[in-house]
>>> print(open('query-v1.cif').read())   # mmCIF, N, CA and C atoms
data_my_file
loop_
_atom_site.label_atom_id
_atom_site.label_comp_id
_atom_site.auth_asym_id
_atom_site.auth_seq_id
_atom_site.Cartn_x
_atom_site.Cartn_y
_atom_site.Cartn_z
N MET A 29 -11.23 -27.67 27.23
CA MET A 29 -11.52 -26.75 26.15
C MET A 29 -12.46 -27.42 25.15
N ASP A 30 -13.45 -26.69 24.74
CA ASP A 30 -14.35 -27.25 23.75
C ASP A 30 -13.90 -26.84 22.35
N MET A 31 -14.58 -27.35 21.34
CA MET A 31 -14.20 -27.12 19.95
C MET A 31 -14.25 -25.66 19.55
N GLN A 32 -15.19 -24.91 20.11
CA GLN A 32 -15.31 -23.50 19.76
C GLN A 32 -14.09 -22.71 20.23
N MET A 33 -13.62 -23.02 21.43
CA MET A 33 -12.41 -22.35 21.95
C MET A 33 -11.21 -22.69 21.07
N ILE A 34 -11.11 -23.94 20.68
CA ILE A 34 -10.00 -24.36 19.81
C ILE A 34 -10.08 -23.65 18.47
N LEU A 35 -11.29 -23.53 17.92
CA LEU A 35 -11.47 -22.83 16.65
C LEU A 35 -10.94 -21.39 16.74
N TRP A 36 -11.34 -20.66 17.79
CA TRP A 36 -10.91 -19.26 17.93
C TRP A 36 -9.41 -19.17 18.19
N ALA A 37 -8.87 -20.13 18.94
CA ALA A 37 -7.42 -20.14 19.18
C ALA A 37 -6.66 -20.38 17.87
N VAL A 38 -7.14 -21.29 17.05
CA VAL A 38 -6.50 -21.57 15.76
C VAL A 38 -6.58 -20.35 14.85
N ILE A 39 -7.75 -19.72 14.78
CA ILE A 39 -7.90 -18.51 13.94
C ILE A 39 -6.96 -17.41 14.43
N PHE A 40 -6.87 -17.25 15.75
CA PHE A 40 -5.97 -16.25 16.31
C PHE A 40 -4.52 -16.53 15.90
N VAL A 41 -4.07 -17.76 16.09
CA VAL A 41 -2.68 -18.12 15.76
C VAL A 41 -2.42 -17.94 14.27
N LEU A 42 -3.32 -18.40 13.43
CA LEU A 42 -3.14 -18.23 11.99
C LEU A 42 -3.06 -16.76 11.59
N ALA A 43 -3.93 -15.94 12.15
CA ALA A 43 -3.91 -14.51 11.83
C ALA A 43 -2.60 -13.87 12.27
N VAL A 44 -2.11 -14.25 13.43
CA VAL A 44 -0.84 -13.69 13.93
C VAL A 44 0.32 -14.16 13.04
N VAL A 45 0.34 -15.43 12.66
CA VAL A 45 1.41 -15.94 11.80
C VAL A 45 1.38 -15.24 10.44
N ILE A 46 0.19 -15.09 9.87
CA ILE A 46 0.08 -14.38 8.59
C ILE A 46 0.57 -12.94 8.73
N GLU A 47 0.21 -12.31 9.82
CA GLU A 47 0.66 -10.92 10.05
C GLU A 47 2.17 -10.85 10.18
N LEU A 48 2.75 -11.77 10.92
CA LEU A 48 4.20 -11.77 11.10
C LEU A 48 4.94 -12.04 9.79
N CYS A 49 4.35 -12.86 8.94
CA CYS A 49 4.96 -13.15 7.64
C CYS A 49 4.85 -11.98 6.68
N SER A 50 3.73 -11.27 6.73
CA SER A 50 3.50 -10.20 5.75
C SER A 50 3.95 -8.83 6.24
N MET A 51 3.79 -8.56 7.52
CA MET A 51 4.11 -7.25 8.10
C MET A 51 3.42 -6.12 7.35
N GLN A 52 2.21 -6.38 6.85
CA GLN A 52 1.45 -5.39 6.09
C GLN A 52 0.16 -4.99 6.76
N LEU A 53 -0.06 -5.39 7.98
CA LEU A 53 -1.29 -5.11 8.72
C LEU A 53 -2.52 -5.55 7.93
N ILE A 54 -2.49 -6.81 7.50
CA ILE A 54 -3.64 -7.33 6.75
C ILE A 54 -4.48 -8.30 7.57
N SER A 55 -3.93 -8.83 8.64
CA SER A 55 -4.71 -9.81 9.40
C SER A 55 -4.74 -9.53 10.90
N ILE A 56 -4.16 -8.44 11.33
CA ILE A 56 -4.12 -8.13 12.75
C ILE A 56 -5.52 -7.93 13.32
N TRP A 57 -6.43 -7.38 12.50
CA TRP A 57 -7.80 -7.15 12.96
C TRP A 57 -8.51 -8.47 13.23
N PHE A 58 -8.23 -9.47 12.39
CA PHE A 58 -8.82 -10.80 12.59
C PHE A 58 -8.27 -11.45 13.85
N ALA A 59 -7.00 -11.20 14.14
CA ALA A 59 -6.41 -11.77 15.36
C ALA A 59 -7.10 -11.18 16.60
N VAL A 60 -7.32 -9.88 16.62
CA VAL A 60 -7.98 -9.23 17.75
C VAL A 60 -9.43 -9.73 17.86
N GLY A 61 -10.11 -9.85 16.73
CA GLY A 61 -11.48 -10.36 16.73
C GLY A 61 -11.55 -11.80 17.23
N ALA A 62 -10.59 -12.63 16.83
CA ALA A 62 -10.55 -14.02 17.28
C ALA A 62 -10.27 -14.09 18.78
N LEU A 63 -9.42 -13.21 19.26
CA LEU A 63 -9.13 -13.18 20.70
C LEU A 63 -10.38 -12.79 21.49
N ALA A 64 -11.11 -11.82 21.00
CA ALA A 64 -12.36 -11.41 21.66
C ALA A 64 -13.39 -12.54 21.61
N ALA A 65 -13.48 -13.23 20.48
CA ALA A 65 -14.42 -14.34 20.36
C ALA A 65 -14.01 -15.49 21.28
N PHE A 66 -12.72 -15.71 21.41
CA PHE A 66 -12.23 -16.75 22.34
C PHE A 66 -12.66 -16.41 23.76
N ALA A 67 -12.47 -15.16 24.15
CA ALA A 67 -12.86 -14.75 25.51
C ALA A 67 -14.37 -14.89 25.70
N SER A 68 -15.14 -14.59 24.65
CA SER A 68 -16.60 -14.68 24.77
C SER A 68 -17.09 -16.13 24.78
N SER A 69 -16.24 -17.06 24.36
CA SER A 69 -16.66 -18.46 24.29
C SER A 69 -16.91 -19.07 25.67
N PHE A 70 -16.45 -18.39 26.73
CA PHE A 70 -16.71 -18.89 28.09
C PHE A 70 -18.17 -18.67 28.49
N LYS A 71 -18.84 -17.69 27.87
CA LYS A 71 -20.21 -17.33 28.29
C LYS A 71 -21.25 -17.41 27.17
N LEU A 72 -20.84 -17.19 25.91
CA LEU A 72 -21.81 -17.07 24.82
C LEU A 72 -21.85 -18.32 23.96
N PRO A 73 -23.03 -18.57 23.33
CA PRO A 73 -23.10 -19.66 22.36
C PRO A 73 -22.33 -19.25 21.09
N PHE A 74 -22.17 -20.20 20.16
CA PHE A 74 -21.36 -19.95 18.98
C PHE A 74 -21.84 -18.75 18.17
N VAL A 75 -23.13 -18.58 18.01
CA VAL A 75 -23.66 -17.43 17.24
C VAL A 75 -23.22 -16.12 17.90
N GLY A 76 -23.24 -16.06 19.21
CA GLY A 76 -22.79 -14.87 19.93
C GLY A 76 -21.30 -14.65 19.75
N GLN A 77 -20.55 -15.73 19.78
CA GLN A 77 -19.10 -15.64 19.57
C GLN A 77 -18.79 -15.11 18.17
N LEU A 78 -19.50 -15.64 17.20
CA LEU A 78 -19.31 -15.19 15.82
C LEU A 78 -19.66 -13.72 15.67
N THR A 79 -20.71 -13.29 16.35
CA THR A 79 -21.11 -11.88 16.32
C THR A 79 -20.01 -11.01 16.95
N VAL A 80 -19.47 -11.45 18.07
CA VAL A 80 -18.37 -10.71 18.72
C VAL A 80 -17.18 -10.61 17.77
N PHE A 81 -16.85 -11.72 17.11
CA PHE A 81 -15.72 -11.73 16.17
C PHE A 81 -15.93 -10.71 15.05
N VAL A 82 -17.09 -10.73 14.44
CA VAL A 82 -17.37 -9.81 13.32
C VAL A 82 -17.36 -8.36 13.78
N ILE A 83 -18.02 -8.08 14.91
CA ILE A 83 -18.11 -6.69 15.40
C ILE A 83 -16.73 -6.17 15.80
N VAL A 84 -15.98 -6.94 16.57
CA VAL A 84 -14.65 -6.47 17.02
C VAL A 84 -13.72 -6.29 15.83
N THR A 85 -13.75 -7.22 14.88
CA THR A 85 -12.90 -7.10 13.69
C THR A 85 -13.27 -5.83 12.91
N ALA A 86 -14.55 -5.59 12.70
CA ALA A 86 -14.99 -4.41 11.95
C ALA A 86 -14.63 -3.12 12.68
N VAL A 87 -14.84 -3.09 13.99
CA VAL A 87 -14.51 -1.88 14.77
C VAL A 87 -13.00 -1.62 14.72
N MET A 88 -12.20 -2.67 14.84
CA MET A 88 -10.74 -2.49 14.77
C MET A 88 -10.32 -1.95 13.40
N LEU A 89 -10.91 -2.50 12.36
CA LEU A 89 -10.60 -2.04 11.01
C LEU A 89 -10.98 -0.58 10.82
N LEU A 90 -12.19 -0.23 11.21
CA LEU A 90 -12.66 1.16 11.04
C LEU A 90 -11.89 2.13 11.92
N ALA A 91 -11.50 1.71 13.12
CA ALA A 91 -10.80 2.60 14.04
C ALA A 91 -9.35 2.84 13.63
N THR A 92 -8.71 1.83 13.06
CA THR A 92 -7.29 1.97 12.76
C THR A 92 -7.01 2.41 11.32
N ARG A 93 -7.98 2.30 10.44
CA ARG A 93 -7.75 2.66 9.04
C ARG A 93 -7.30 4.11 8.86
N PRO A 94 -7.97 5.10 9.49
CA PRO A 94 -7.50 6.49 9.32
C PRO A 94 -6.07 6.68 9.85
N LEU A 95 -5.75 5.99 10.92
CA LEU A 95 -4.39 6.10 11.48
C LEU A 95 -3.38 5.53 10.50
N LEU A 96 -3.69 4.41 9.88
CA LEU A 96 -2.78 3.79 8.92
C LEU A 96 -2.57 4.67 7.71
N LYS A 97 -3.61 5.35 7.27
CA LYS A 97 -3.46 6.25 6.12
C LYS A 97 -2.49 7.39 6.44
N LYS A 98 -2.52 7.87 7.69
CA LYS A 98 -1.61 8.94 8.09
C LYS A 98 -0.17 8.44 8.17
N LEU A 99 0.00 7.19 8.55
CA LEU A 99 1.34 6.64 8.71
C LEU A 99 2.01 6.27 7.40
N ARG A 100 1.22 6.03 6.36
CA ARG A 100 1.80 5.65 5.07
C ARG A 100 2.57 6.81 4.48
N LYS A 101 3.76 6.49 4.05
CA LYS A 101 4.60 7.51 3.43
C LYS A 101 4.40 7.46 1.92
N PRO A 102 4.50 8.60 1.27
CA PRO A 102 4.36 8.58 -0.19
C PRO A 102 5.50 7.77 -0.82
N ALA A 103 5.21 7.16 -1.94
CA ALA A 103 6.21 6.35 -2.63
C ALA A 103 7.38 7.22 -3.05
N VAL A 104 8.56 6.74 -2.76
CA VAL A 104 9.78 7.44 -3.14
C VAL A 104 10.28 6.79 -4.43
N PRO A 105 10.50 7.58 -5.46
CA PRO A 105 10.97 6.98 -6.71
C PRO A 105 12.32 6.31 -6.51
N THR A 106 12.52 5.18 -7.18
CA THR A 106 13.81 4.51 -7.10
C THR A 106 14.80 5.21 -8.00
N ASN A 107 16.05 4.84 -7.88
CA ASN A 107 17.09 5.51 -8.68
C ASN A 107 16.81 5.43 -10.17
N HIS A 108 16.34 4.28 -10.63
CA HIS A 108 16.14 4.17 -12.07
C HIS A 108 15.00 5.07 -12.54
N GLU A 109 13.98 5.29 -11.71
CA GLU A 109 12.91 6.20 -12.11
C GLU A 109 13.41 7.64 -12.15
N LEU A 110 14.35 7.94 -11.27
CA LEU A 110 14.90 9.30 -11.24
C LEU A 110 15.75 9.58 -12.48
N ASP A 111 16.31 8.53 -13.10
CA ASP A 111 17.18 8.71 -14.27
C ASP A 111 16.42 8.86 -15.58
N LEU A 112 15.15 8.50 -15.62
CA LEU A 112 14.39 8.62 -16.86
C LEU A 112 14.33 10.07 -17.33
N GLY A 113 14.62 10.26 -18.61
CA GLY A 113 14.57 11.59 -19.19
C GLY A 113 15.86 12.39 -19.03
N LYS A 114 16.79 11.90 -18.25
CA LYS A 114 18.05 12.63 -18.03
C LYS A 114 19.01 12.39 -19.19
N THR A 115 19.95 13.30 -19.31
CA THR A 115 20.97 13.14 -20.34
C THR A 115 22.13 12.35 -19.76
N ALA A 116 22.80 11.63 -20.65
CA ALA A 116 23.93 10.80 -20.25
C ALA A 116 25.04 10.98 -21.27
N LEU A 117 26.24 10.71 -20.83
CA LEU A 117 27.41 10.77 -21.71
C LEU A 117 27.80 9.35 -22.07
N VAL A 118 27.93 9.06 -23.37
CA VAL A 118 28.36 7.73 -23.80
C VAL A 118 29.85 7.61 -23.51
N ILE A 119 30.24 6.62 -22.71
CA ILE A 119 31.65 6.44 -22.35
C ILE A 119 32.27 5.22 -23.03
N GLU A 120 31.41 4.40 -23.67
CA GLU A 120 31.86 3.27 -24.49
C GLU A 120 30.87 3.16 -25.64
N ASP A 121 31.39 3.01 -26.86
CA ASP A 121 30.50 2.93 -28.02
C ASP A 121 29.34 1.98 -27.76
N ILE A 122 28.14 2.45 -28.12
CA ILE A 122 26.96 1.60 -28.01
C ILE A 122 26.78 0.93 -29.36
N ASP A 123 26.96 -0.37 -29.37
CA ASP A 123 26.91 -1.14 -30.62
C ASP A 123 26.25 -2.48 -30.32
N ALA A 124 25.03 -2.67 -30.80
CA ALA A 124 24.28 -3.90 -30.53
C ALA A 124 24.98 -5.13 -31.10
N SER A 125 25.56 -5.01 -32.28
CA SER A 125 26.20 -6.17 -32.91
C SER A 125 27.44 -6.61 -32.14
N ALA A 126 28.14 -5.67 -31.51
CA ALA A 126 29.33 -6.00 -30.72
C ALA A 126 28.97 -6.29 -29.26
N GLY A 127 27.74 -5.94 -28.87
CA GLY A 127 27.32 -6.16 -27.48
C GLY A 127 27.98 -5.21 -26.50
N THR A 128 28.31 -4.01 -26.97
CA THR A 128 28.97 -3.04 -26.10
C THR A 128 28.07 -1.83 -25.88
N GLY A 129 28.42 -1.06 -24.90
CA GLY A 129 27.73 0.18 -24.65
C GLY A 129 27.67 0.52 -23.18
N ARG A 130 28.23 1.70 -22.84
CA ARG A 130 28.17 2.19 -21.47
C ARG A 130 27.95 3.69 -21.51
N VAL A 131 27.14 4.15 -20.54
CA VAL A 131 26.90 5.59 -20.40
C VAL A 131 27.12 5.98 -18.95
N ARG A 132 27.29 7.28 -18.74
CA ARG A 132 27.44 7.81 -17.38
C ARG A 132 26.33 8.82 -17.14
N VAL A 133 25.53 8.56 -16.08
CA VAL A 133 24.45 9.44 -15.68
C VAL A 133 24.76 9.92 -14.28
N GLN A 134 24.96 11.21 -14.12
CA GLN A 134 25.26 11.82 -12.83
C GLN A 134 26.36 11.07 -12.07
N GLY A 135 27.43 10.75 -12.79
CA GLY A 135 28.59 10.11 -12.17
C GLY A 135 28.48 8.61 -12.00
N ILE A 136 27.40 7.99 -12.43
CA ILE A 136 27.23 6.55 -12.28
C ILE A 136 27.23 5.91 -13.66
N ASP A 137 28.05 4.86 -13.82
CA ASP A 137 28.15 4.15 -15.10
C ASP A 137 27.08 3.07 -15.19
N TRP A 138 26.48 2.99 -16.39
CA TRP A 138 25.44 2.00 -16.67
C TRP A 138 25.74 1.30 -17.99
N SER A 139 25.31 0.05 -18.11
CA SER A 139 25.29 -0.60 -19.42
C SER A 139 24.19 0.08 -20.20
N ALA A 140 24.38 0.17 -21.52
CA ALA A 140 23.38 0.89 -22.31
C ALA A 140 23.20 0.25 -23.67
N SER A 141 22.00 0.45 -24.19
CA SER A 141 21.68 0.03 -25.55
C SER A 141 20.71 1.05 -26.12
N THR A 142 20.50 0.96 -27.43
CA THR A 142 19.54 1.84 -28.06
C THR A 142 18.29 1.04 -28.40
N LYS A 143 17.17 1.73 -28.44
CA LYS A 143 15.90 1.07 -28.72
C LYS A 143 15.85 0.53 -30.14
N ASP A 144 16.41 1.30 -31.06
CA ASP A 144 16.35 0.91 -32.47
C ASP A 144 17.58 0.14 -32.95
N GLY A 145 18.52 -0.14 -32.04
CA GLY A 145 19.71 -0.91 -32.41
C GLY A 145 20.79 -0.10 -33.10
N SER A 146 20.63 1.23 -33.15
CA SER A 146 21.62 2.07 -33.82
C SER A 146 22.91 2.15 -32.99
N THR A 147 23.97 2.56 -33.64
CA THR A 147 25.27 2.69 -32.99
C THR A 147 25.47 4.15 -32.60
N ILE A 148 25.98 4.35 -31.39
CA ILE A 148 26.29 5.70 -30.92
C ILE A 148 27.72 5.68 -30.41
N LYS A 149 28.50 6.65 -30.87
CA LYS A 149 29.93 6.71 -30.55
C LYS A 149 30.17 7.29 -29.15
N SER A 150 31.28 6.91 -28.57
CA SER A 150 31.72 7.43 -27.28
C SER A 150 31.89 8.94 -27.37
N GLY A 151 31.50 9.64 -26.33
CA GLY A 151 31.62 11.09 -26.29
C GLY A 151 30.32 11.80 -26.65
N GLU A 152 29.37 11.10 -27.25
CA GLU A 152 28.10 11.72 -27.60
C GLU A 152 27.18 11.79 -26.39
N THR A 153 26.22 12.71 -26.46
CA THR A 153 25.24 12.87 -25.40
C THR A 153 23.95 12.18 -25.82
N VAL A 154 23.35 11.45 -24.88
CA VAL A 154 22.11 10.72 -25.15
C VAL A 154 21.09 11.01 -24.06
N LYS A 155 19.86 10.61 -24.33
CA LYS A 155 18.78 10.77 -23.35
C LYS A 155 18.31 9.39 -22.90
N VAL A 156 18.08 9.22 -21.60
CA VAL A 156 17.61 7.94 -21.05
C VAL A 156 16.10 7.85 -21.30
N VAL A 157 15.67 6.78 -22.01
CA VAL A 157 14.26 6.63 -22.32
C VAL A 157 13.63 5.43 -21.61
N GLU A 158 14.45 4.52 -21.10
CA GLU A 158 13.91 3.33 -20.45
C GLU A 158 14.98 2.72 -19.55
N VAL A 159 14.53 2.08 -18.48
CA VAL A 159 15.44 1.39 -17.58
C VAL A 159 14.96 -0.04 -17.45
N GLY A 160 15.87 -0.98 -17.66
CA GLY A 160 15.54 -2.40 -17.50
C GLY A 160 16.62 -3.07 -16.70
N GLY A 161 16.37 -3.27 -15.42
CA GLY A 161 17.40 -3.87 -14.55
C GLY A 161 18.57 -2.92 -14.42
N ALA A 162 19.75 -3.38 -14.83
CA ALA A 162 20.97 -2.56 -14.74
C ALA A 162 21.34 -2.01 -16.11
N ARG A 163 20.42 -2.01 -17.07
CA ARG A 163 20.69 -1.51 -18.42
C ARG A 163 19.74 -0.37 -18.74
N LEU A 164 20.33 0.69 -19.28
CA LEU A 164 19.54 1.83 -19.75
C LEU A 164 19.34 1.74 -21.25
N THR A 165 18.18 2.13 -21.68
CA THR A 165 17.92 2.29 -23.11
C THR A 165 17.95 3.78 -23.38
N VAL A 166 18.76 4.16 -24.38
CA VAL A 166 18.98 5.58 -24.65
C VAL A 166 18.67 5.90 -26.11
N GLU A 167 18.54 7.19 -26.37
CA GLU A 167 18.40 7.66 -27.73
C GLU A 167 19.23 8.92 -27.88
N LYS A 168 19.64 9.19 -29.12
CA LYS A 168 20.45 10.39 -29.39
C LYS A 168 19.63 11.63 -29.07
N THR A 169 20.31 12.62 -28.50
CA THR A 169 19.65 13.90 -28.28
C THR A 169 19.80 14.72 -29.55
N VAL A 170 18.84 15.55 -29.82
CA VAL A 170 18.85 16.35 -31.05
C VAL A 170 19.44 17.69 -30.79
#
>>> encode(input="query-v1.cif", output="structure tokens")
Amino acid sequence: MDMQMILWAVIFVLAVVIELCSMQLISIWFAVGALAAFASSFKLPFVGQLTVFVIVTAVMLLATRPLLKKLRKPAVPTNHELDLGKTALVIEDIDASAGTGRVRVQGIDWSASTKDGSTIKSGETVKVVEVGGARLTVEKTV
């Protein structure tokens, strides 16, 4: 094996490893291009091999891009995004100085605080204005 074959084999292996690590279809085209360049290294000089690599990689990218767009699913909002703007029932007094506060949104209990640090008594209805991790930020409904 000469150096050019080794170069294409290394590029192929690296592209495959990157693809396996990412699973995002970001380097698969380079792997196919490197494989084609490796095969061409038996007959073509390096400039020809490089041309094969560029052309095959570009053709693979252009041919598969429309297919990938069709396969992509629209982003599904996470639970916390779905809770924004919803009303919640305060089930434990929200008091920043005491470090307490729990609300229930659609049957699920969350830790809660207010944006302005105000106290809200248990039994009141609030609106979810922000989600940070497992804590909701709420405000009194009018």
>>> resolve_selection(input="query-v1.cif", expression="the PyMOL selection byres ((chain A and resi 55-64) around 7)", output="list in words")
Trp36, Ala37, Ile39, Phe40, Val41, Ala43, Val44, Ile46, Glu47, Gln52, Leu53, Ile54, Ala65, Phe66, Ala67, Ser68, Ser69, Gln77, Val80, Phe81, Val82, Ile83, Val84, Thr85, Ala86, Met88 and Leu89 of chain A
>>> atom_distance(input="query-v1.cif", atom1="CA of Val159 (chain A)", atom2="CA of Ala126 (chain A)")
20.5 Å
>>> atom_distance(input="query-v1.cif", atom1="atom N of Gln32 (chain A)", atom2="CA of Phe74 (chain A)")
8.0 Å
>>> closest_residue(input="query-v1.cif", among="A:Leu99, A:Glu167, A:Arg130, A:Ser125", to="Thr142 (chain A)", atoms="only C-alpha atoms")
A:Glu167
>>> select_by_dssp(input="query-v1.cif", residues="region 78-151 of chain A", states="strand (DSSP E)", output="PyMOL selection string")
chain A and resi 115-123+128-133+136-142
>>> atom_distance(input="query-v1.cif", atom1="CA of Leu72 (chain A)", atom2="CA of Met33 (chain A)")
11.2 Å
